[in-house]
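**Student:** After the structure tokens below, expect a handful of questions from me.
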Amino acid sequence: MTPHADLHADRYADPQTGAAVKAADRAHVFHSWSAQGLIDPLAVAGAEGSYFWDYDGNRYLDFTSGLVYTNVGYQHPKIVAAIQEQAGKLATFAPAFAVEARSEAARLIAERTPGDLDKIFFTNGGAEAVENAIRMARLHTGRPKVLSAYRSYHGGTATAINVTGDPRRWASDSGTAGVVHFWGPFRYRSPFYSATEEEECARALTHLQDTIAFEGPGTIAAIVLETIPGTAGIMPPPPGYLAGVREICDRYGIVFVLDEVMAGFGRTGAWFAADHYGVVPDLLTFAKGVNSGYVPLGGVAISGAIAETFETRPYPGGLTYSGHPLACAAAVATINAMAEEGVVEHAARIGETVLGPGLRELAERHPSVGEVRGLGVFWALELVRDRDTREPLVPYNASGEANAPMAAFAAACKQNGLWPFVNMNRTHAVPACTVSEAEAKEGLAALDAALAVADEHTTEAETAR
């Protein structure tokens, strides 16, 4: 199977325009997280549902959901119509006023957040949500420090990048941001030498408790965790871990912040990943799936106790576009469409009956797959050189020639009509929550073919040669 054209792709087949789009991009667009002279961005002509296509008529099944945010797929007609209607009625208005779209979006979000997270502070995206959650926690507690996990990503702005645990932090780590990192649970690559999920949970909680003891409980404002780490590897925590963190936070008066920017709004087969674990944080950050990324929007859902802190004391933070009417109208339409169309339940079912079983079946046949983990439409395949030693297919944070095996795997995916999410030695299967059974199986078939390329770089293949 190669990238193929359908009616939509044919409609936009226009190589001359594609060349002009790419030329303008290369001349003027400065891309994030990239060495500008080493990238070759694909010029995209259009998208619909689970697919997008280029100006040459090649169509790709998007197993990245953009950046894991098009939860209801591209160009959902109800969201497009809501944005158009809102633009005609009230395209923008300052955040200090009560606006219908903003009020309704906040109400719908608060209805779905766990516990008493009933006040919503709107931001333009996830990083700003994390920034403001941490500011709220510090002001609420009067303490300076924040604890977060090494295997994490929380955003690219000043505080959020310092809270981040993965290598994207390194170049911007100020060392004075009051952030302390610790090891979260991850049994496949456990630093605790755990043999079971129960041991991993207990030892990870002991490690966190020890970190707090040595840092000084009275100095710590917040513990910030992705409910299920996303870019760092989609590692669902073992049963009891989040409840244990909740108990530790309660014991020491620490604010518990759950980052649901990637995991929220149906991605895991629940409205929020916290719902799987029966845990209520003090603050919950969101973005991405809240309106499928159609217009930038994020926010912080705030507990009653923290909201009370700012009842008569001004909160010293704000954004010009907080709760932008177009973004909020898109959120209202997204949440209503997800409810009406059973999108959350569909994501859970696809994970249980198609993606999960299909990915595990691939793991049985491909020596390059060390582990499969996830739920809903939120899955990761850990690619390895050797299943017994669990040596990653490429070294940690590899680039250039050292990353060649993963680059070859990604190229094979694209050659087979699949746009993959690749990070370090992993590929993530994160299609839209609306992905059909047939589309999911199409993606699995493309992964099957591409994994054969990854298999060539395993010790098993080297031994056979």
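By order of appearance in the structure tokens: chains A, B, ..., then residues from 1 within every chain, and ligands from 1 in the order shown.
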When you look at A:Asp14 with a cut-off of 7 Å (counting only C-alpha atoms), what residues show up, excluding the ones that are within fewer than 2 positions of it in the same chain? I need them as an MDAnalysis selection string.

**Tutor:** chainID A and resid 12 16:18 55:56

**Student:** Taking the chain letters and numbering used in this document, name the residues of stretch 261-433 of chain A that DSSP puts in strand (DSSP E), as a ChimeraX atom specification.

**Tutor:** /A:283-286,298-302,369-375,378-386,391-392,418-419,421-423,426-429

**Student:** Output N, CA, C and O atoms for every residue in the selection just made, as a short mmCIF file (atom, residue, chain, number, x, y, z; two decimals), in the first residue's frame.

**Tutor:**
data_model
loop_
_atom_site.label_atom_id
_atom_site.label_comp_id
_atom_site.auth_asym_id
_atom_site.auth_seq_id
_atom_site.Cartn_x
_atom_site.Cartn_y
_atom_site.Cartn_z
N LEU A 283 -6.18 21.11 41.03
CA LEU A 283 -6.19 21.87 39.78
C LEU A 283 -6.02 20.89 38.64
O LEU A 283 -5.25 19.91 38.75
N LEU A 284 -6.70 21.12 37.54
CA LEU A 284 -6.61 20.26 36.37
C LEU A 284 -6.41 21.14 35.14
O LEU A 284 -7.21 22.06 34.90
N THR A 285 -5.35 20.90 34.40
CA THR A 285 -5.11 21.68 33.19
C THR A 285 -5.62 20.94 31.96
O THR A 285 -5.57 19.72 31.90
N PHE A 286 -6.10 21.70 30.99
CA PHE A 286 -6.63 21.11 29.76
C PHE A 286 -6.34 22.02 28.58
O PHE A 286 -6.00 23.19 28.74
N GLY A 298 -7.15 26.68 26.02
CA GLY A 298 -6.76 25.82 27.12
C GLY A 298 -7.36 26.39 28.40
O GLY A 298 -8.13 27.35 28.36
N GLY A 299 -6.98 25.79 29.52
CA GLY A 299 -7.51 26.32 30.76
C GLY A 299 -7.13 25.52 31.98
O GLY A 299 -6.49 24.47 31.90
N VAL A 300 -7.54 26.06 33.12
CA VAL A 300 -7.33 25.42 34.41
C VAL A 300 -8.69 25.26 35.07
O VAL A 300 -9.45 26.24 35.20
N ALA A 301 -9.02 24.04 35.47
CA ALA A 301 -10.22 23.79 36.27
C ALA A 301 -9.79 23.84 37.74
O ALA A 301 -8.85 23.17 38.14
N ILE A 302 -10.50 24.64 38.53
CA ILE A 302 -10.04 25.03 39.86
C ILE A 302 -10.99 24.52 40.93
O ILE A 302 -12.22 24.66 40.83
N VAL A 369 9.19 -4.83 18.72
CA VAL A 369 8.23 -4.28 19.68
C VAL A 369 8.50 -4.88 21.06
O VAL A 369 8.30 -6.07 21.27
N GLY A 370 8.94 -4.03 21.98
CA GLY A 370 9.22 -4.50 23.33
C GLY A 370 8.01 -4.47 24.23
O GLY A 370 7.83 -5.36 25.07
N GLU A 371 7.17 -3.45 24.07
CA GLU A 371 5.98 -3.35 24.91
C GLU A 371 4.91 -2.56 24.18
O GLU A 371 5.22 -1.63 23.42
N VAL A 372 3.66 -2.90 24.44
CA VAL A 372 2.49 -2.15 24.00
C VAL A 372 1.75 -1.69 25.24
O VAL A 372 1.52 -2.47 26.16
N ARG A 373 1.38 -0.42 25.29
CA ARG A 373 0.65 0.08 26.46
C ARG A 373 -0.28 1.22 26.03
O ARG A 373 0.00 1.95 25.08
N GLY A 374 -1.38 1.36 26.75
CA GLY A 374 -2.31 2.44 26.49
C GLY A 374 -3.73 2.05 26.76
O GLY A 374 -4.04 0.98 27.32
N LEU A 375 -4.64 2.94 26.37
CA LEU A 375 -6.07 2.71 26.46
C LEU A 375 -6.77 3.75 25.61
O LEU A 375 -6.19 4.76 25.24
N PHE A 378 -5.08 6.06 22.77
CA PHE A 378 -3.88 6.63 23.38
C PHE A 378 -2.91 5.49 23.66
O PHE A 378 -2.89 4.92 24.75
N TRP A 379 -2.10 5.11 22.64
CA TRP A 379 -1.27 3.92 22.72
C TRP A 379 0.17 4.22 22.32
O TRP A 379 0.43 5.11 21.51
N ALA A 380 1.09 3.44 22.87
CA ALA A 380 2.49 3.54 22.53
C ALA A 380 3.08 2.16 22.29
O ALA A 380 2.73 1.20 22.97
N LEU A 381 3.98 2.08 21.32
CA LEU A 381 4.78 0.88 21.08
C LEU A 381 6.22 1.24 21.39
O LEU A 381 6.78 2.17 20.79
N GLU A 382 6.81 0.53 22.32
CA GLU A 382 8.21 0.71 22.69
C GLU A 382 9.04 -0.16 21.75
O GLU A 382 8.94 -1.39 21.77
N LEU A 383 9.86 0.47 20.91
CA LEU A 383 10.65 -0.27 19.93
C LEU A 383 12.05 -0.52 20.48
O LEU A 383 12.70 0.39 21.02
N VAL A 384 12.51 -1.76 20.34
CA VAL A 384 13.77 -2.18 20.97
C VAL A 384 14.66 -2.93 19.98
O VAL A 384 14.18 -3.50 19.00
N ARG A 385 15.95 -2.95 20.28
CA ARG A 385 16.89 -3.78 19.53
C ARG A 385 16.84 -5.22 20.01
O ARG A 385 17.06 -6.14 19.24
N ASP A 386 16.56 -5.37 21.30
CA ASP A 386 16.59 -6.70 21.91
C ASP A 386 15.49 -6.78 22.96
O ASP A 386 15.50 -6.02 23.92
N GLU A 391 17.00 -3.14 25.30
CA GLU A 391 17.79 -2.04 24.73
C GLU A 391 16.94 -1.29 23.70
O GLU A 391 16.39 -1.89 22.79
N PRO A 392 16.79 0.03 23.84
CA PRO A 392 15.97 0.79 22.88
C PRO A 392 16.49 0.65 21.45
O PRO A 392 17.70 0.44 21.23
N LEU A 418 0.50 6.13 6.07
CA LEU A 418 0.22 6.43 7.48
C LEU A 418 1.16 7.53 7.95
O LEU A 418 2.37 7.44 7.76
N TRP A 419 0.59 8.57 8.60
CA TRP A 419 1.44 9.60 9.19
C TRP A 419 1.63 9.25 10.66
O TRP A 419 0.69 9.28 11.44
N PHE A 421 3.25 9.15 14.67
CA PHE A 421 3.78 9.93 15.79
C PHE A 421 5.00 9.17 16.29
O PHE A 421 4.88 8.09 16.86
N VAL A 422 6.18 9.73 16.10
CA VAL A 422 7.43 9.07 16.49
C VAL A 422 8.17 9.97 17.46
O VAL A 422 8.36 11.16 17.20
N ASN A 423 8.57 9.41 18.59
CA ASN A 423 9.37 10.14 19.56
C ASN A 423 10.38 9.20 20.19
O ASN A 423 10.00 8.18 20.77
N ARG A 426 10.01 5.30 20.29
CA ARG A 426 8.61 4.90 20.36
C ARG A 426 7.83 5.39 19.16
O ARG A 426 8.16 6.43 18.56
N THR A 427 6.76 4.67 18.85
CA THR A 427 5.74 5.21 17.97
C THR A 427 4.42 5.15 18.73
O THR A 427 4.15 4.17 19.44
N HIS A 428 3.64 6.20 18.63
CA HIS A 428 2.38 6.28 19.33
C HIS A 428 1.23 6.13 18.34
O HIS A 428 1.28 6.70 17.25
N ALA A 429 0.24 5.37 18.72
CA ALA A 429 -0.97 5.23 17.92
C ALA A 429 -2.04 6.09 18.57
O ALA A 429 -2.67 5.68 19.54
#

**Student:** Stretch 44-52 of chain A: which residues within 10 Å, counting only C-alpha atoms, same-chain residues fewer than 4 positions away excluded, as a count of residues only?

**Tutor:** 40

**Student:** Identify, with DSSP run on backbone atoms, the residues in stretch 141-363 of chain A assigned to helix (DSSP H, G or I), and express the list as a PyMOL selection string.

**Tutor:** chain A and resi 141+158-163+167-172+187-189+197-215+217-219+241-252+273-276+288-290+304-309+325-341+343-363

**Student:** Using C-alpha atoms, can you write the selected residues to a file as a compact mmCIF listing (two decimals), in the first residue's frame?

**Tutor:**
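The result, written out as part-v4.txt:
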# COMPACT_ATOMS: atom_id res chain seq x y z
CA THR A 141 0.18 27.85 49.64
CA ALA A 158 9.09 29.57 31.03
CA THR A 159 7.74 27.65 34.03
CA ALA A 160 6.16 24.84 32.00
CA ILE A 161 9.45 23.96 30.28
CA ASN A 162 11.23 23.85 33.64
CA VAL A 163 8.55 21.54 35.02
CA PRO A 167 15.24 16.67 27.03
CA ARG A 168 13.33 19.59 25.56
CA ARG A 169 13.86 21.22 28.95
CA TRP A 170 17.66 21.13 28.82
CA ALA A 171 18.34 24.17 26.64
CA SER A 172 15.99 26.39 28.66
CA ARG A 187 7.68 -0.75 35.26
CA TYR A 188 9.03 -1.56 31.78
CA ARG A 189 12.02 0.70 32.49
CA GLU A 197 2.83 -3.31 39.18
CA GLU A 198 2.14 -3.43 42.92
CA GLU A 199 5.85 -3.17 43.71
CA GLU A 200 6.30 -0.38 41.19
CA CYS A 201 3.46 1.59 42.76
CA ALA A 202 4.71 1.13 46.32
CA ARG A 203 8.35 1.89 45.49
CA ALA A 204 7.50 4.94 43.37
CA LEU A 205 5.39 6.35 46.21
CA THR A 206 8.20 5.69 48.69
CA HIS A 207 10.63 7.50 46.37
CA LEU A 208 8.26 10.47 46.12
CA GLN A 209 7.79 10.51 49.89
CA ASP A 210 11.58 10.48 50.39
CA THR A 211 12.03 13.31 47.87
CA ILE A 212 9.49 15.42 49.73
CA ALA A 213 11.14 14.66 53.08
CA PHE A 214 14.56 15.76 51.87
CA GLU A 215 13.25 18.84 50.02
CA PRO A 217 7.37 19.43 52.84
CA GLY A 218 6.76 23.01 53.95
CA THR A 219 8.60 24.34 50.89
CA TYR A 241 -0.39 5.39 42.42
CA LEU A 242 -2.42 8.54 41.80
CA ALA A 243 -4.50 7.84 44.91
CA GLY A 244 -1.22 7.56 46.83
CA VAL A 245 -0.01 10.90 45.48
CA ARG A 246 -3.35 12.42 46.45
CA GLU A 247 -2.89 11.15 50.02
CA ILE A 248 0.66 12.52 50.21
CA CYS A 249 -0.51 15.93 48.98
CA ASP A 250 -3.30 15.99 51.56
CA ARG A 251 -0.87 15.03 54.34
CA TYR A 252 1.46 17.95 53.65
CA ALA A 273 -8.05 10.23 32.38
CA ALA A 274 -8.51 10.94 36.11
CA ASP A 275 -11.91 9.25 35.79
CA HIS A 276 -10.14 5.89 35.34
CA LYS A 288 -6.07 20.32 22.82
CA GLY A 289 -9.18 18.10 22.73
CA VAL A 290 -11.42 20.65 24.46
CA GLY A 304 -13.43 25.26 45.56
CA ALA A 305 -10.65 25.69 48.13
CA ILE A 306 -8.27 27.35 45.68
CA ALA A 307 -11.01 29.45 44.11
CA GLU A 308 -11.82 30.70 47.61
CA THR A 309 -8.24 32.02 47.95
CA PRO A 325 -15.46 33.72 21.83
CA LEU A 326 -14.48 31.82 18.69
CA ALA A 327 -12.46 29.29 20.69
CA CYS A 328 -15.20 28.89 23.28
CA ALA A 329 -17.88 28.47 20.62
CA ALA A 330 -15.73 25.71 19.15
CA ALA A 331 -15.46 24.11 22.60
CA VAL A 332 -19.22 24.21 23.12
CA ALA A 333 -19.78 22.59 19.73
CA THR A 334 -17.06 19.98 20.35
CA ILE A 335 -18.32 18.93 23.77
CA ASN A 336 -21.93 18.79 22.60
CA ALA A 337 -21.00 16.82 19.48
CA MET A 338 -18.95 14.37 21.55
CA ALA A 339 -21.90 13.84 23.88
CA GLU A 340 -24.48 13.53 21.10
CA GLU A 341 -22.37 11.19 18.98
CA VAL A 343 -17.42 9.87 20.92
CA VAL A 344 -15.98 9.09 24.36
CA GLU A 345 -17.65 5.68 24.43
CA HIS A 346 -16.52 5.04 20.86
CA ALA A 347 -12.88 5.82 21.77
CA ALA A 348 -13.07 3.35 24.66
CA ARG A 349 -14.59 0.67 22.43
CA ILE A 350 -12.03 1.14 19.63
CA GLY A 351 -9.25 0.81 22.17
CA GLU A 352 -10.68 -2.31 23.75
CA THR A 353 -11.72 -4.15 20.59
CA VAL A 354 -9.45 -2.94 17.76
CA LEU A 355 -6.37 -0.93 18.67
CA GLY A 356 -5.37 -2.74 21.85
CA PRO A 357 -5.77 -6.28 20.50
CA GLY A 358 -4.33 -5.30 17.12
CA LEU A 359 -1.21 -3.68 18.56
CA ARG A 360 -0.62 -6.60 20.90
CA GLU A 361 -0.90 -8.98 17.96
CA LEU A 362 1.73 -6.93 16.10
CA ALA A 363 3.99 -7.19 19.15

**Student:** So the first atom is atom CA of A:Ala129 and the second is atom CA of A:Val377; what is the distance between them in Å, to one decimal place?

**Tutor:** 23.4 Å

**Student:** Between A:Gly376, A:Gly400, A:Pro405, A:Pro420, which residue has the minimum interatomic distance to A:Ala263, considering only C-alpha atoms?

**Tutor:** A:Gly376

**Student:** Which one of A:His154, A:His140, A:His366, A:Arg102 sits closest to A:Pro314 if you count only C-alpha atoms?

**Tutor:**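 Closest to A:Pro314, using only C-alpha atoms: A:His140.
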
**Student:** When you look at A:Gly165 with a cut-off of 6 Å (counting only C-alpha atoms), what residues show up, excluding the ones that are within fewer than 2 positions of it in the same chain? I need them as a PyMOL selection string.

**Tutor:** chain A and resi 149-152

**Student:** Mind dumping the selected residues with all heavy atoms as a short mmCIF file (atom, residue, chain, number, x, y, z; two decimals), in the first residue's frame?

**Tutor:**
data_model
loop_
_atom_site.label_atom_id
_atom_site.label_comp_id
_atom_site.auth_asym_id
_atom_site.auth_seq_id
_atom_site.Cartn_x
_atom_site.Cartn_y
_atom_site.Cartn_z
N ALA A 149 7.64 14.93 37.39
CA ALA A 149 8.32 13.70 37.01
C ALA A 149 9.31 13.93 35.87
O ALA A 149 9.14 14.83 35.04
CB ALA A 149 7.30 12.64 36.60
N TYR A 150 10.36 13.10 35.83
CA TYR A 150 11.33 13.18 34.75
C TYR A 150 10.69 12.85 33.40
O TYR A 150 10.90 13.56 32.42
CB TYR A 150 12.50 12.22 35.00
CG TYR A 150 13.57 12.81 35.88
CD1 TYR A 150 13.78 12.33 37.17
CD2 TYR A 150 14.35 13.87 35.43
CE1 TYR A 150 14.75 12.88 37.99
CE2 TYR A 150 15.33 14.42 36.23
CZ TYR A 150 15.54 13.92 37.52
OH TYR A 150 16.50 14.48 38.31
N ARG A 151 9.93 11.79 33.33
CA ARG A 151 9.31 11.41 32.05
C ARG A 151 8.01 12.20 31.91
O ARG A 151 6.93 11.72 32.23
CB ARG A 151 9.05 9.90 32.01
CG ARG A 151 10.34 9.07 31.99
CD ARG A 151 10.00 7.60 31.79
NE ARG A 151 11.21 6.77 31.72
CZ ARG A 151 11.72 6.12 32.77
NH1 ARG A 151 11.13 6.19 33.96
NH2 ARG A 151 12.81 5.39 32.63
N SER A 152 8.15 13.43 31.41
CA SER A 152 6.96 14.29 31.31
C SER A 152 7.20 15.39 30.30
O SER A 152 8.35 15.71 29.96
CB SER A 152 6.65 14.92 32.68
OG SER A 152 7.65 15.86 33.04
#

**Student:** Between A:Trp53, A:Tyr294, A:Phe121, A:Tyr315, which has the minimum distance to A:Ile83 (counting only C-alpha atoms)?

**Tutor:**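 Among the listed residues, A:Tyr294 lies closest to A:Ile83.
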
**Student:** Name the closest residue to A:Gly264 among the candidates A:Arg135, A:Arg387, A:Lys414, A:Arg112; distances are taken between atoms, counting only C-alpha atoms.

**Tutor:**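 Ranked by minimum distance to A:Gly264, first place goes to A:Arg112.
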